[in-house]
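For reference, work.pdb is printed below; it contains PDB, C-alpha atoms.
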ATOM      1  CA  MET A  27      77.478  81.415  82.566  1.00  0.00           C
ATOM      2  CA  ASP A  28      80.691  79.885  83.897  1.00  0.00           C
ATOM      3  CA  ALA A  29      80.315  79.990  87.702  1.00  0.00           C
ATOM      4  CA  GLU A  30      84.040  79.492  88.266  1.00  0.00           C
ATOM      5  CA  LEU A  31      84.881  82.515  86.114  1.00  0.00           C
ATOM      6  CA  VAL A  32      82.301  84.570  88.010  1.00  0.00           C
ATOM      7  CA  VAL A  33      83.949  83.563  91.300  1.00  0.00           C
ATOM      8  CA  ARG A  34      87.370  84.495  89.910  1.00  0.00           C
ATOM      9  CA  LEU A  35      86.090  87.879  88.683  1.00  0.00           C
ATOM     10  CA  ARG A  36      84.511  88.523  92.072  1.00  0.00           C
ATOM     11  CA  GLY A  37      87.863  87.825  93.720  1.00  0.00           C
ATOM     12  CA  VAL A  38      90.063  89.813  91.379  1.00  0.00           C
ATOM     13  CA  ILE A  39      88.073  93.072  91.479  1.00  0.00           C
ATOM     14  CA  PRO A  40      88.626  93.849  95.197  1.00  0.00           C
ATOM     15  CA  ARG A  41      92.234  92.618  95.006  1.00  0.00           C
ATOM     16  CA  LEU A  42      92.982  95.021  92.168  1.00  0.00           C
ATOM     17  CA  ALA A  43      91.148  97.846  93.943  1.00  0.00           C
ATOM     18  CA  ARG A  44      93.184  97.304  97.122  1.00  0.00           C
ATOM     19  CA  GLN A  45      96.480  97.234  95.240  1.00  0.00           C
ATOM     20  CA  PHE A  46      95.507 100.264  93.218  1.00  0.00           C
ATOM     21  CA  ASN A  47      94.460 102.269  96.277  1.00  0.00           C
ATOM     22  CA  GLU A  48      97.598 101.301  98.199  1.00  0.00           C
ATOM     23  CA  THR A  49      99.911 102.421  95.424  1.00  0.00           C
ATOM     24  CA  SER A  50      98.165 105.516  94.200  1.00  0.00           C
ATOM     25  CA  THR A  51      95.814 107.210  96.657  1.00  0.00           C
ATOM     26  CA  GLY A  52      98.390 109.805  97.651  1.00  0.00           C
ATOM     27  CA  ALA A  53      97.937 113.059  99.510  1.00  0.00           C
ATOM     28  CA  ASP A  54      96.928 111.407 102.794  1.00  0.00           C
ATOM     29  CA  LEU A  55      93.394 110.802 101.544  1.00  0.00           C
ATOM     30  CA  THR A  56      91.533 107.585 102.130  1.00  0.00           C
ATOM     31  CA  PRO A  57      90.145 105.958  98.983  1.00  0.00           C
ATOM     32  CA  THR A  58      86.638 107.065 100.011  1.00  0.00           C
ATOM     33  CA  GLN A  59      87.743 110.658 100.642  1.00  0.00           C
ATOM     34  CA  TYR A  60      89.369 110.754  97.221  1.00  0.00           C
ATOM     35  CA  SER A  61      86.262 109.237  95.631  1.00  0.00           C
ATOM     36  CA  VAL A  62      84.060 111.959  97.149  1.00  0.00           C
ATOM     37  CA  LEU A  63      86.516 114.679  96.083  1.00  0.00           C
ATOM     38  CA  ALA A  64      86.629 113.285  92.532  1.00  0.00           C
ATOM     39  CA  LEU A  65      82.846 113.055  92.301  1.00  0.00           C
ATOM     40  CA  VAL A  66      82.411 116.664  93.425  1.00  0.00           C
ATOM     41  CA  ARG A  67      85.160 117.767  91.012  1.00  0.00           C
ATOM     42  CA  VAL A  68      83.677 115.948  88.023  1.00  0.00           C
ATOM     43  CA  ARG A  69      79.967 116.557  88.688  1.00  0.00           C
ATOM     44  CA  GLY A  70      80.233 120.135  89.937  1.00  0.00           C
ATOM     45  CA  PRO A  71      78.481 121.501  93.001  1.00  0.00           C
ATOM     46  CA  LEU A  72      76.355 118.759  94.542  1.00  0.00           C
ATOM     47  CA  GLY A  73      73.813 118.653  97.318  1.00  0.00           C
ATOM     48  CA  LEU A  74      74.727 116.414 100.225  1.00  0.00           C
ATOM     49  CA  ALA A  75      71.700 114.171  99.686  1.00  0.00           C
ATOM     50  CA  GLU A  76      72.622 113.706  96.031  1.00  0.00           C
ATOM     51  CA  LEU A  77      76.254 113.054  96.955  1.00  0.00           C
ATOM     52  CA  THR A  78      75.162 110.455  99.524  1.00  0.00           C
ATOM     53  CA  GLU A  79      73.153 108.630  96.879  1.00  0.00           C
ATOM     54  CA  LEU A  80      75.817 108.838  94.166  1.00  0.00           C
ATOM     55  CA  GLU A  81      78.597 107.678  96.474  1.00  0.00           C
ATOM     56  CA  GLY A  82      76.499 105.008  98.191  1.00  0.00           C
ATOM     57  CA  LEU A  83      77.429 106.152 101.696  1.00  0.00           C
ATOM     58  CA  ASN A  84      75.258 106.672 104.720  1.00  0.00           C
ATOM     59  CA  PRO A  85      74.672 110.350 105.579  1.00  0.00           C
ATOM     60  CA  THR A  86      76.742 110.209 108.793  1.00  0.00           C
ATOM     61  CA  MET A  87      79.786 108.799 107.004  1.00  0.00           C
ATOM     62  CA  LEU A  88      79.443 111.315 104.180  1.00  0.00           C
ATOM     63  CA  SER A  89      79.155 114.150 106.693  1.00  0.00           C
ATOM     64  CA  ARG A  90      82.444 113.084 108.299  1.00  0.00           C
ATOM     65  CA  ILE A  91      84.191 112.878 104.935  1.00  0.00           C
ATOM     66  CA  VAL A  92      82.857 116.270 103.833  1.00  0.00           C
ATOM     67  CA  LYS A  93      84.037 117.760 107.137  1.00  0.00           C
ATOM     68  CA  VAL A  94      87.581 116.432 106.606  1.00  0.00           C
ATOM     69  CA  LEU A  95      87.716 117.626 103.002  1.00  0.00           C
ATOM     70  CA  ASP A  96      86.319 121.023 104.006  1.00  0.00           C
ATOM     71  CA  GLU A  97      88.822 121.411 106.867  1.00  0.00           C
ATOM     72  CA  ARG A  98      91.651 120.581 104.463  1.00  0.00           C
ATOM     73  CA  GLY A  99      90.431 123.256 102.048  1.00  0.00           C
ATOM     74  CA  LEU A 100      89.670 120.766  99.268  1.00  0.00           C
ATOM     75  CA  ILE A 101      85.926 121.446  99.091  1.00  0.00           C
ATOM     76  CA  ARG A 102      83.696 124.170 100.475  1.00  0.00           C
ATOM     77  CA  ARG A 103      80.129 124.160 101.682  1.00  0.00           C
ATOM     78  CA  LEU A 104      77.622 126.443  99.999  1.00  0.00           C
ATOM     79  CA  PRO A 105      74.008 127.194 100.836  1.00  0.00           C
ATOM     80  CA  ASP A 106      71.558 125.391  98.578  1.00  0.00           C
ATOM     81  CA  PRO A 107      69.612 128.124  96.745  1.00  0.00           C
ATOM     82  CA  SER A 108      66.518 125.915  96.509  1.00  0.00           C
ATOM     83  CA  ASP A 109      66.562 124.910 100.205  1.00  0.00           C
ATOM     84  CA  MET A 110      68.318 127.174 102.683  1.00  0.00           C
ATOM     85  CA  ARG A 111      68.382 124.363 105.279  1.00  0.00           C
ATOM     86  CA  ALA A 112      70.450 122.159 102.977  1.00  0.00           C
ATOM     87  CA  ALA A 113      74.055 122.495 101.881  1.00  0.00           C
ATOM     88  CA  ARG A 114      75.891 121.932  98.651  1.00  0.00           C
ATOM     89  CA  VAL A 115      79.592 121.318  98.208  1.00  0.00           C
ATOM     90  CA  GLU A 116      81.984 122.365  95.486  1.00  0.00           C
ATOM     91  CA  VAL A 117      85.655 121.731  94.900  1.00  0.00           C
ATOM     92  CA  THR A 118      88.184 124.462  95.707  1.00  0.00           C
ATOM     93  CA  PRO A 119      91.146 125.296  93.459  1.00  0.00           C
ATOM     94  CA  GLU A 120      93.362 123.288  95.848  1.00  0.00           C
ATOM     95  CA  GLY A 121      90.931 120.364  95.663  1.00  0.00           C
ATOM     96  CA  ALA A 122      90.948 120.524  91.858  1.00  0.00           C
ATOM     97  CA  ARG A 123      94.762 120.556  91.836  1.00  0.00           C
ATOM     98  CA  LEU A 124      94.949 117.585  94.200  1.00  0.00           C
ATOM     99  CA  HIS A 125      92.313 115.652  92.241  1.00  0.00           C
ATOM    100  CA  GLU A 126      94.292 116.134  89.029  1.00  0.00           C
ATOM    101  CA  GLN A 127      97.555 115.136  90.734  1.00  0.00           C
ATOM    102  CA  VAL A 128      96.107 111.875  92.102  1.00  0.00           C
ATOM    103  CA  ARG A 129      94.299 111.184  88.825  1.00  0.00           C
ATOM    104  CA  GLU A 130      97.545 111.520  86.882  1.00  0.00           C
ATOM    105  CA  GLN A 131      99.364 109.349  89.416  1.00  0.00           C
ATOM    106  CA  ARG A 132      96.709 106.629  89.179  1.00  0.00           C
ATOM    107  CA  THR A 133      96.801 106.738  85.380  1.00  0.00           C
ATOM    108  CA  GLN A 134     100.590 106.372  85.460  1.00  0.00           C
ATOM    109  CA  VAL A 135     100.439 103.416  87.869  1.00  0.00           C
ATOM    110  CA  LEU A 136      97.849 101.616  85.745  1.00  0.00           C
ATOM    111  CA  SER A 137      99.795 102.341  82.550  1.00  0.00           C
ATOM    112  CA  GLU A 138     102.914 100.832  84.113  1.00  0.00           C
ATOM    113  CA  TRP A 139     100.979  97.723  85.166  1.00  0.00           C
ATOM    114  CA  LEU A 140      99.545  97.316  81.675  1.00  0.00           C
ATOM    115  CA  GLU A 141     103.010  97.696  80.124  1.00  0.00           C
ATOM    116  CA  ARG A 142     104.235  94.731  82.204  1.00  0.00           C
ATOM    117  CA  LEU A 143     101.714  92.479  80.508  1.00  0.00           C
ATOM    118  CA  PRO A 144     101.960  90.936  77.060  1.00  0.00           C
ATOM    119  CA  ALA A 145     100.501  93.410  74.534  1.00  0.00           C
ATOM    120  CA  GLU A 146      97.636  91.048  73.670  1.00  0.00           C
ATOM    121  CA  ILE A 147      96.504  90.814  77.305  1.00  0.00           C
ATOM    122  CA  ALA A 148      96.718  94.600  77.779  1.00  0.00           C
ATOM    123  CA  GLU A 149      94.640  95.099  74.629  1.00  0.00           C
ATOM    124  CA  GLN A 150      92.029  92.606  75.867  1.00  0.00           C
ATOM    125  CA  LEU A 151      91.774  94.427  79.190  1.00  0.00           C
ATOM    126  CA  LEU A 152      91.370  97.802  77.503  1.00  0.00           C
ATOM    127  CA  ALA A 153      88.772  96.364  75.135  1.00  0.00           C
ATOM    128  CA  ALA A 154      86.829  95.133  78.199  1.00  0.00           C
ATOM    129  CA  VAL A 155      86.503  98.662  79.657  1.00  0.00           C
ATOM    130  CA  PRO A 156      83.033  99.331  78.154  1.00  0.00           C
ATOM    131  CA  ALA A 157      81.791  96.011  79.564  1.00  0.00           C
ATOM    132  CA  MET A 158      83.229  96.819  83.012  1.00  0.00           C
ATOM    133  CA  GLU A 159      81.598 100.275  82.870  1.00  0.00           C
ATOM    134  CA  ALA A 160      78.275  98.584  82.049  1.00  0.00           C
ATOM    135  CA  LEU A 161      78.762  96.268  85.037  1.00  0.00           C
ATOM    136  CA  ALA A 162      79.460  99.246  87.311  1.00  0.00           C
ATOM    137  CA  GLU A 163      76.243 100.921  86.122  1.00  0.00           C
ATOM    138  CA  ALA A 164      74.251  97.712  86.521  1.00  0.00           C
ATOM    139  CA  VAL A 165      75.239  97.268  90.145  1.00  0.00           C
ATOM    140  CA  LYS A 166      73.860 100.729  90.932  1.00  0.00           C
ATOM    141  CA  SER A 167      70.384  99.597  89.843  1.00  0.00           C
ATOM    142  CA  PRO A 168      68.228  97.430  92.090  1.00  0.00           C
ATOM    143  CA  PRO A 169      68.332  93.745  91.135  1.00  0.00           C
ATOM    144  CA  ARG A 170      65.607  92.522  88.828  1.00  0.00           C
ATOM    145  CA  ALA A 171      63.100  90.031  90.197  1.00  0.00           C
ATOM    146  CA  THR A 172      63.685  86.573  88.786  1.00  0.00           C
TER     147      THR A 172
END

Please re-express this file's structure in structure tokens.
Amino acid sequence: MDAELVVRLRGVIPRLARQFNETSTGADLTPTQYSVLALVRVRGPLGLAELTELEGLNPTMLSRIVKVLDERGLIRRLPDPSDMRAARVEVTPEGARLHEQVREQRTQVLSEWLERLPAEIAEQLLAAVPAMEALAEAVKSPPRAT
């Protein structure tokens, strides 16, 4: 494996994420708040423990984010039918509308960026999406012992 390319990939991913979040988060949401909203929207009602694990946040941080989203009327807390001490969250109609608005905005921003590139480069990037998705899944798993 080419170590220099690995270093370059490591550097470009956060740079792209920062630029993307700066240009397209919208709606006065932090990137993490939007990520939680999107996860709840896509996955349906989720327990807080499950949401903590899926989002990779500590419970205190997730609790703060859920509180903000709840106060803004974007999600609502529900009792967990299997454990009355626990809570679940689901997206509200306003949260679904906002999620779709930001999603469309992000898609438009990325489409505009891709259109600035030579067609061959844009095609290569789009062809790499399955590999990038596999990388994202792999980093969720614990590292293998070598």

For the file shown, report as a list in words the outcome of the PyMOL selection byres ((chain A and resi 41-50) around 8) at residue level.
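Written out, the selection comes to Gly37, Val38, Ile39, Pro40, Thr51, Gly52, Pro57, Val128, Gln131, Arg132, Val135 and Leu136 of chain A.
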
So that I can see what lies close to A:Ser137, please list as number ranges by chain the residues with an atom at most 12 Å from it, counting all atoms listed in the file and leaving out residues fewer than 4 positions away in the same chain.
A: 46, 130-133, 141-143, 148-149, 151-152

Could you state the separation of atom CA of A:Met158 and atom CA of A:Ala29 in Å, given to one decimal place?
17.7 Å

Hits from the PyMOL selection byres ((chain A and resi 97-111) around 10), listed as a ChimeraX atom specification
/A:62-63,66-67,71-74,91-96,112-125

Mind pulling up the distance from atom CA of A:Arg69 to atom CA of A:Glu126?
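Between atom CA of A:Glu126 and atom CA of A:Arg69 the gap works out to 14.3 Å.
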
What does the distance between atom CA of A:Ala75 and atom CA of A:Leu88 come to in Å, to one decimal place?
9.4 Å
